[in-house]
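Here the structure is laid out as structure tokens; the discussion comes afterwards.
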Amino acid sequence: MAVSVYIETSVVSYFVARPSRDLVIAAYQRATQELWPRLLADYTTYISALVYDESSKGDPELAQQRLTAIAPFPMLEVDDTARSLAQVLMDGSAMPARFPEDALHIAVCAVSGVQILLTWNFTHLNNPFTRLKIRKLVNSAGYVCPEVCSPNELLELEP
């Protein structure tokens, strides 16, 4: 059985973004582009309605490219169970209250049983302090916490 992966919106954005002059961002873009074919072939990859909504915003041309890029992936439901778990994450200070969508990405993965949440968001999702808080709260709520990682980390692994 293939490993399940959820693509958070930052990954989609880096995949279709215009080439950056910032060397770090350019490297993130390259890693995302290298990983994308594997997301299609080697993993069971998902998005959610939240990813779809976030991807549809901004520059119309890039928004269309983002929507086209995520079209092959099944969409997970953002239901009341996920919203409740997201609130637990915010109440437990794992996520800032002003970024409820970040908590919702984690919650959708957890309630859907997705194994990996793929993100470039190092501020609110993919840093060791946040991951510790997230894992504790998600597990305490009775769910298995998804592993949060960047495309670089996933590129290093065999599917």
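Naming works like this for the structure tokens: A, B, ... for the chains as they're shown, residue 1 at the start of each chain, ligands 1 onward in shown order.
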
For this session: Please provide as number ranges by chain all residues within 6 Å of segment 112-122 of chain A, with the sequence filter that same-chain residues fewer than 4 positions apart are discarded (counting only C-alpha atoms).
Result: A: 4-8, 10-11, 108, 126-127, 146-150

For this session: Write out as an MDAnalysis selection string which residues come within 10 Å of segment 100-107 of chain A when counting only C-alpha atoms, dropping same-chain ones fewer than 2 positions away.
Result: chainID A and resid 6:9 47:48 50:51 54 78:79 81:90 94:98 109:114 116:117 119 121 124:125 134:135 138 143 145:148

Selected residues, N, CA and C atoms, written as a short mmCIF file (atom, residue, chain, number, x, y, z; two decimals), in the first residue's frame, please.
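Result file again_25.cif:
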```cif
data_model
loop_
_atom_site.label_atom_id
_atom_site.label_comp_id
_atom_site.auth_asym_id
_atom_site.auth_seq_id
_atom_site.Cartn_x
_atom_site.Cartn_y
_atom_site.Cartn_z
N TYR A 6 -0.42 14.46 1.95
CA TYR A 6 -1.29 15.62 1.78
C TYR A 6 -0.42 16.79 1.37
N ILE A 7 -0.78 17.45 0.28
CA ILE A 7 -0.04 18.59 -0.20
C ILE A 7 -0.66 19.86 0.36
N GLU A 8 0.07 20.56 1.21
CA GLU A 8 -0.38 21.85 1.74
C GLU A 8 -0.11 22.91 0.66
N THR A 9 -0.82 24.00 0.72
CA THR A 9 -0.85 24.99 -0.35
C THR A 9 0.52 25.58 -0.68
N ILE A 47 -5.31 16.43 -1.58
CA ILE A 47 -5.46 17.84 -1.22
C ILE A 47 -6.76 17.93 -0.42
N SER A 48 -7.15 19.13 -0.04
CA SER A 48 -8.45 19.34 0.58
C SER A 48 -9.11 20.53 -0.09
N LEU A 50 -9.71 23.17 1.31
CA LEU A 50 -8.94 24.33 1.78
C LEU A 50 -7.78 24.62 0.82
N VAL A 51 -7.06 23.60 0.41
CA VAL A 51 -5.96 23.77 -0.54
C VAL A 51 -6.51 24.31 -1.86
N GLU A 54 -7.41 28.04 -1.32
CA GLU A 54 -6.21 28.87 -1.22
C GLU A 54 -5.49 28.97 -2.56
N VAL A 78 -13.32 18.72 4.41
CA VAL A 78 -13.08 19.56 5.59
C VAL A 78 -14.41 19.56 6.34
N ASP A 79 -14.51 18.66 7.32
CA ASP A 79 -15.78 18.48 8.01
C ASP A 79 -15.72 19.03 9.43
N THR A 81 -15.58 17.44 12.19
CA THR A 81 -14.59 16.75 13.01
C THR A 81 -13.22 17.40 12.83
N ALA A 82 -12.86 17.70 11.59
CA ALA A 82 -11.58 18.37 11.33
C ALA A 82 -11.58 19.78 11.94
N ARG A 83 -12.68 20.48 11.82
CA ARG A 83 -12.75 21.83 12.40
C ARG A 83 -12.59 21.78 13.92
N SER A 84 -13.19 20.77 14.55
CA SER A 84 -13.07 20.63 16.01
C SER A 84 -11.63 20.35 16.42
N LEU A 85 -10.96 19.47 15.67
CA LEU A 85 -9.57 19.17 15.99
C LEU A 85 -8.69 20.39 15.74
N ALA A 86 -8.97 21.14 14.69
CA ALA A 86 -8.21 22.37 14.43
C ALA A 86 -8.36 23.34 15.61
N GLN A 87 -9.55 23.40 16.17
CA GLN A 87 -9.76 24.28 17.32
C GLN A 87 -8.96 23.80 18.53
N VAL A 88 -8.86 22.49 18.71
CA VAL A 88 -8.04 21.93 19.79
C VAL A 88 -6.58 22.37 19.60
N LEU A 89 -6.10 22.33 18.37
CA LEU A 89 -4.72 22.75 18.10
C LEU A 89 -4.50 24.23 18.41
N MET A 90 -5.48 25.05 18.07
CA MET A 90 -5.35 26.48 18.37
C MET A 90 -5.50 26.75 19.87
N ALA A 94 -0.73 25.22 19.71
CA ALA A 94 0.12 24.60 18.69
C ALA A 94 0.12 25.45 17.42
N MET A 95 -0.93 26.23 17.24
CA MET A 95 -1.08 27.11 16.08
C MET A 95 -1.58 28.46 16.56
N PRO A 96 -1.09 29.53 15.97
CA PRO A 96 -1.62 30.85 16.32
C PRO A 96 -3.08 30.97 15.88
N ALA A 97 -3.90 31.61 16.69
CA ALA A 97 -5.33 31.76 16.38
C ALA A 97 -5.56 32.52 15.08
N ARG A 98 -4.61 33.36 14.69
CA ARG A 98 -4.81 34.13 13.46
C ARG A 98 -4.49 33.34 12.20
N CYS A 109 -5.67 16.09 7.78
CA CYS A 109 -4.79 14.92 7.64
C CYS A 109 -5.06 13.90 8.74
N ALA A 110 -5.12 14.38 9.97
CA ALA A 110 -5.29 13.47 11.11
C ALA A 110 -6.61 12.73 11.05
N VAL A 111 -7.71 13.43 10.82
CA VAL A 111 -9.01 12.75 10.83
C VAL A 111 -9.19 11.88 9.60
N SER A 112 -8.42 12.13 8.53
CA SER A 112 -8.51 11.32 7.30
C SER A 112 -7.49 10.19 7.28
N GLY A 113 -6.61 10.15 8.26
CA GLY A 113 -5.62 9.08 8.32
C GLY A 113 -4.46 9.24 7.34
N VAL A 114 -4.21 10.46 6.89
CA VAL A 114 -3.09 10.71 5.98
C VAL A 114 -1.79 10.66 6.78
N ILE A 116 1.49 11.68 5.84
CA ILE A 116 2.48 12.76 5.71
C ILE A 116 1.80 14.04 5.26
N LEU A 117 2.12 15.14 5.93
CA LEU A 117 1.69 16.47 5.49
C LEU A 117 2.93 17.15 4.92
N THR A 119 4.82 20.34 3.38
CA THR A 119 4.70 21.79 3.46
C THR A 119 6.06 22.48 3.40
N ASN A 121 5.92 25.49 4.89
CA ASN A 121 5.60 26.44 5.96
C ASN A 121 6.40 26.06 7.22
N HIS A 124 4.73 27.96 10.91
CA HIS A 124 3.61 27.46 11.70
C HIS A 124 3.41 25.96 11.66
N LEU A 125 4.04 25.26 10.74
CA LEU A 125 3.78 23.83 10.62
C LEU A 125 5.03 22.96 10.78
N ILE A 134 1.91 19.86 18.18
CA ILE A 134 0.89 19.26 17.31
C ILE A 134 0.72 17.78 17.63
N ARG A 135 1.84 17.06 17.68
CA ARG A 135 1.78 15.61 17.92
C ARG A 135 1.08 15.30 19.25
N VAL A 138 -2.78 16.17 18.89
CA VAL A 138 -3.48 15.26 17.96
C VAL A 138 -3.59 13.87 18.57
N TYR A 143 -6.20 10.64 17.61
CA TYR A 143 -5.82 10.46 16.21
C TYR A 143 -4.33 10.17 16.11
N CYS A 145 -1.04 11.34 14.49
CA CYS A 145 -0.57 12.60 13.93
C CYS A 145 0.21 12.34 12.64
N PRO A 146 -0.08 13.09 11.59
CA PRO A 146 0.72 12.93 10.37
C PRO A 146 2.14 13.44 10.60
N GLU A 147 3.08 12.87 9.88
CA GLU A 147 4.44 13.39 9.88
C GLU A 147 4.43 14.65 9.04
N VAL A 148 5.00 15.71 9.56
CA VAL A 148 5.08 16.97 8.83
C VAL A 148 6.49 17.08 8.28
#
```

Exercise. Mind checking DSSP for chain A and telling me the helix (DSSP H, G or I) residues as number ranges by chain?
Worked result: A: 9-16, 23-41, 49-55, 60-70, 80-91, 100-112, 128-140, 151-155

Give me the residues within 12 Å of Gln64 of chain A as a PDB file with N, CA and C atoms, in the first residue's frame, counting only C-alpha atoms and dropping any in the same chain fewer than 4 places off.
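Result file selection-v7.pdb:
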```pdb
ATOM      1  N   VAL A  12       2.139  23.634  -3.511  1.00  0.00           N
ATOM      2  CA  VAL A  12       1.538  23.917  -4.817  1.00  0.00           C
ATOM      3  C   VAL A  12       2.045  25.265  -5.332  1.00  0.00           C
ATOM      4  N   SER A  13       2.116  26.236  -4.448  1.00  0.00           N
ATOM      5  CA  SER A  13       2.573  27.569  -4.844  1.00  0.00           C
ATOM      6  C   SER A  13       4.015  27.544  -5.351  1.00  0.00           C
ATOM      7  N   VAL A  16       4.358  25.992  -9.046  1.00  0.00           N
ATOM      8  CA  VAL A  16       4.001  26.768 -10.238  1.00  0.00           C
ATOM      9  C   VAL A  16       4.547  28.194 -10.232  1.00  0.00           C
ATOM     10  N   ALA A  17       5.209  28.605  -9.179  1.00  0.00           N
ATOM     11  CA  ALA A  17       5.675  29.992  -9.063  1.00  0.00           C
ATOM     12  C   ALA A  17       6.680  30.350 -10.157  1.00  0.00           C
ATOM     13  N   TYR A  52      -7.633  23.770  -2.300  1.00  0.00           N
ATOM     14  CA  TYR A  52      -8.253  24.237  -3.536  1.00  0.00           C
ATOM     15  C   TYR A  52      -8.607  25.722  -3.431  1.00  0.00           C
ATOM     16  N   ASP A  53      -9.246  26.094  -2.335  1.00  0.00           N
ATOM     17  CA  ASP A  53      -9.639  27.494  -2.149  1.00  0.00           C
ATOM     18  C   ASP A  53      -8.421  28.421  -2.094  1.00  0.00           C
ATOM     19  N   GLU A  54      -7.408  28.042  -1.322  1.00  0.00           N
ATOM     20  CA  GLU A  54      -6.211  28.872  -1.220  1.00  0.00           C
ATOM     21  C   GLU A  54      -5.485  28.966  -2.564  1.00  0.00           C
ATOM     22  N   SER A  55      -5.465  27.868  -3.312  1.00  0.00           N
ATOM     23  CA  SER A  55      -4.787  27.839  -4.608  1.00  0.00           C
ATOM     24  C   SER A  55      -5.481  28.687  -5.658  1.00  0.00           C
ATOM     25  N   SER A  56      -6.760  28.913  -5.480  1.00  0.00           N
ATOM     26  CA  SER A  56      -7.528  29.673  -6.471  1.00  0.00           C
ATOM     27  C   SER A  56      -7.391  31.192  -6.316  1.00  0.00           C
ATOM     28  N   LYS A  57      -6.700  31.629  -5.280  1.00  0.00           N
ATOM     29  CA  LYS A  57      -6.564  33.061  -5.002  1.00  0.00           C
ATOM     30  C   LYS A  57      -5.297  33.633  -5.634  1.00  0.00           C
ATOM     31  N   GLY A  58      -5.250  34.964  -5.738  1.00  0.00           N
ATOM     32  CA  GLY A  58      -4.059  35.643  -6.236  1.00  0.00           C
ATOM     33  C   GLY A  58      -4.091  35.840  -7.732  1.00  0.00           C
ATOM     34  N   ASP A  59      -2.904  35.959  -8.295  1.00  0.00           N
ATOM     35  CA  ASP A  59      -2.742  36.181  -9.725  1.00  0.00           C
ATOM     36  C   ASP A  59      -3.553  35.136 -10.507  1.00  0.00           C
ATOM     37  N   PRO A  60      -4.467  35.580 -11.381  1.00  0.00           N
ATOM     38  CA  PRO A  60      -5.347  34.628 -12.084  1.00  0.00           C
ATOM     39  C   PRO A  60      -4.608  33.570 -12.902  1.00  0.00           C
ATOM     40  N   THR A  68      -4.786  23.561 -11.973  1.00  0.00           N
ATOM     41  CA  THR A  68      -4.487  22.494 -12.941  1.00  0.00           C
ATOM     42  C   THR A  68      -3.524  21.473 -12.328  1.00  0.00           C
ATOM     43  N   ALA A  69      -2.526  21.966 -11.595  1.00  0.00           N
ATOM     44  CA  ALA A  69      -1.535  21.073 -10.987  1.00  0.00           C
ATOM     45  C   ALA A  69      -2.158  20.136  -9.955  1.00  0.00           C
ATOM     46  N   ILE A  70      -3.144  20.622  -9.198  1.00  0.00           N
ATOM     47  CA  ILE A  70      -3.728  19.782  -8.145  1.00  0.00           C
ATOM     48  C   ILE A  70      -4.929  18.975  -8.620  1.00  0.00           C
ATOM     49  N   ALA A  71      -5.363  19.185  -9.855  1.00  0.00           N
ATOM     50  CA  ALA A  71      -6.546  18.489 -10.370  1.00  0.00           C
ATOM     51  C   ALA A  71      -6.474  16.966 -10.271  1.00  0.00           C
TER      52      ALA A  71
END
```

Problem set entry | Backbone DSSP call of strand (DSSP E or B) for chain A, listed as a list of chain:residue names | A:Ser4, A:Val5, A:Tyr6, A:Ile7, A:Thr44, A:Thr45, A:Tyr46, A:Ile47, A:Ser48, A:Met75, A:Leu76, A:Ile116, A:Leu117, A:Leu118, A:Glu147, A:Val148, A:Cys149

For this session: Measure the distance from atom CA of Ala31 of chain A to atom CA of Leu132 of chain A in Å and round it to one decimal.
Result: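 One can read the atom CA of Ala31 of chain A to atom CA of Leu132 of chain A distance as 25.4 Å.
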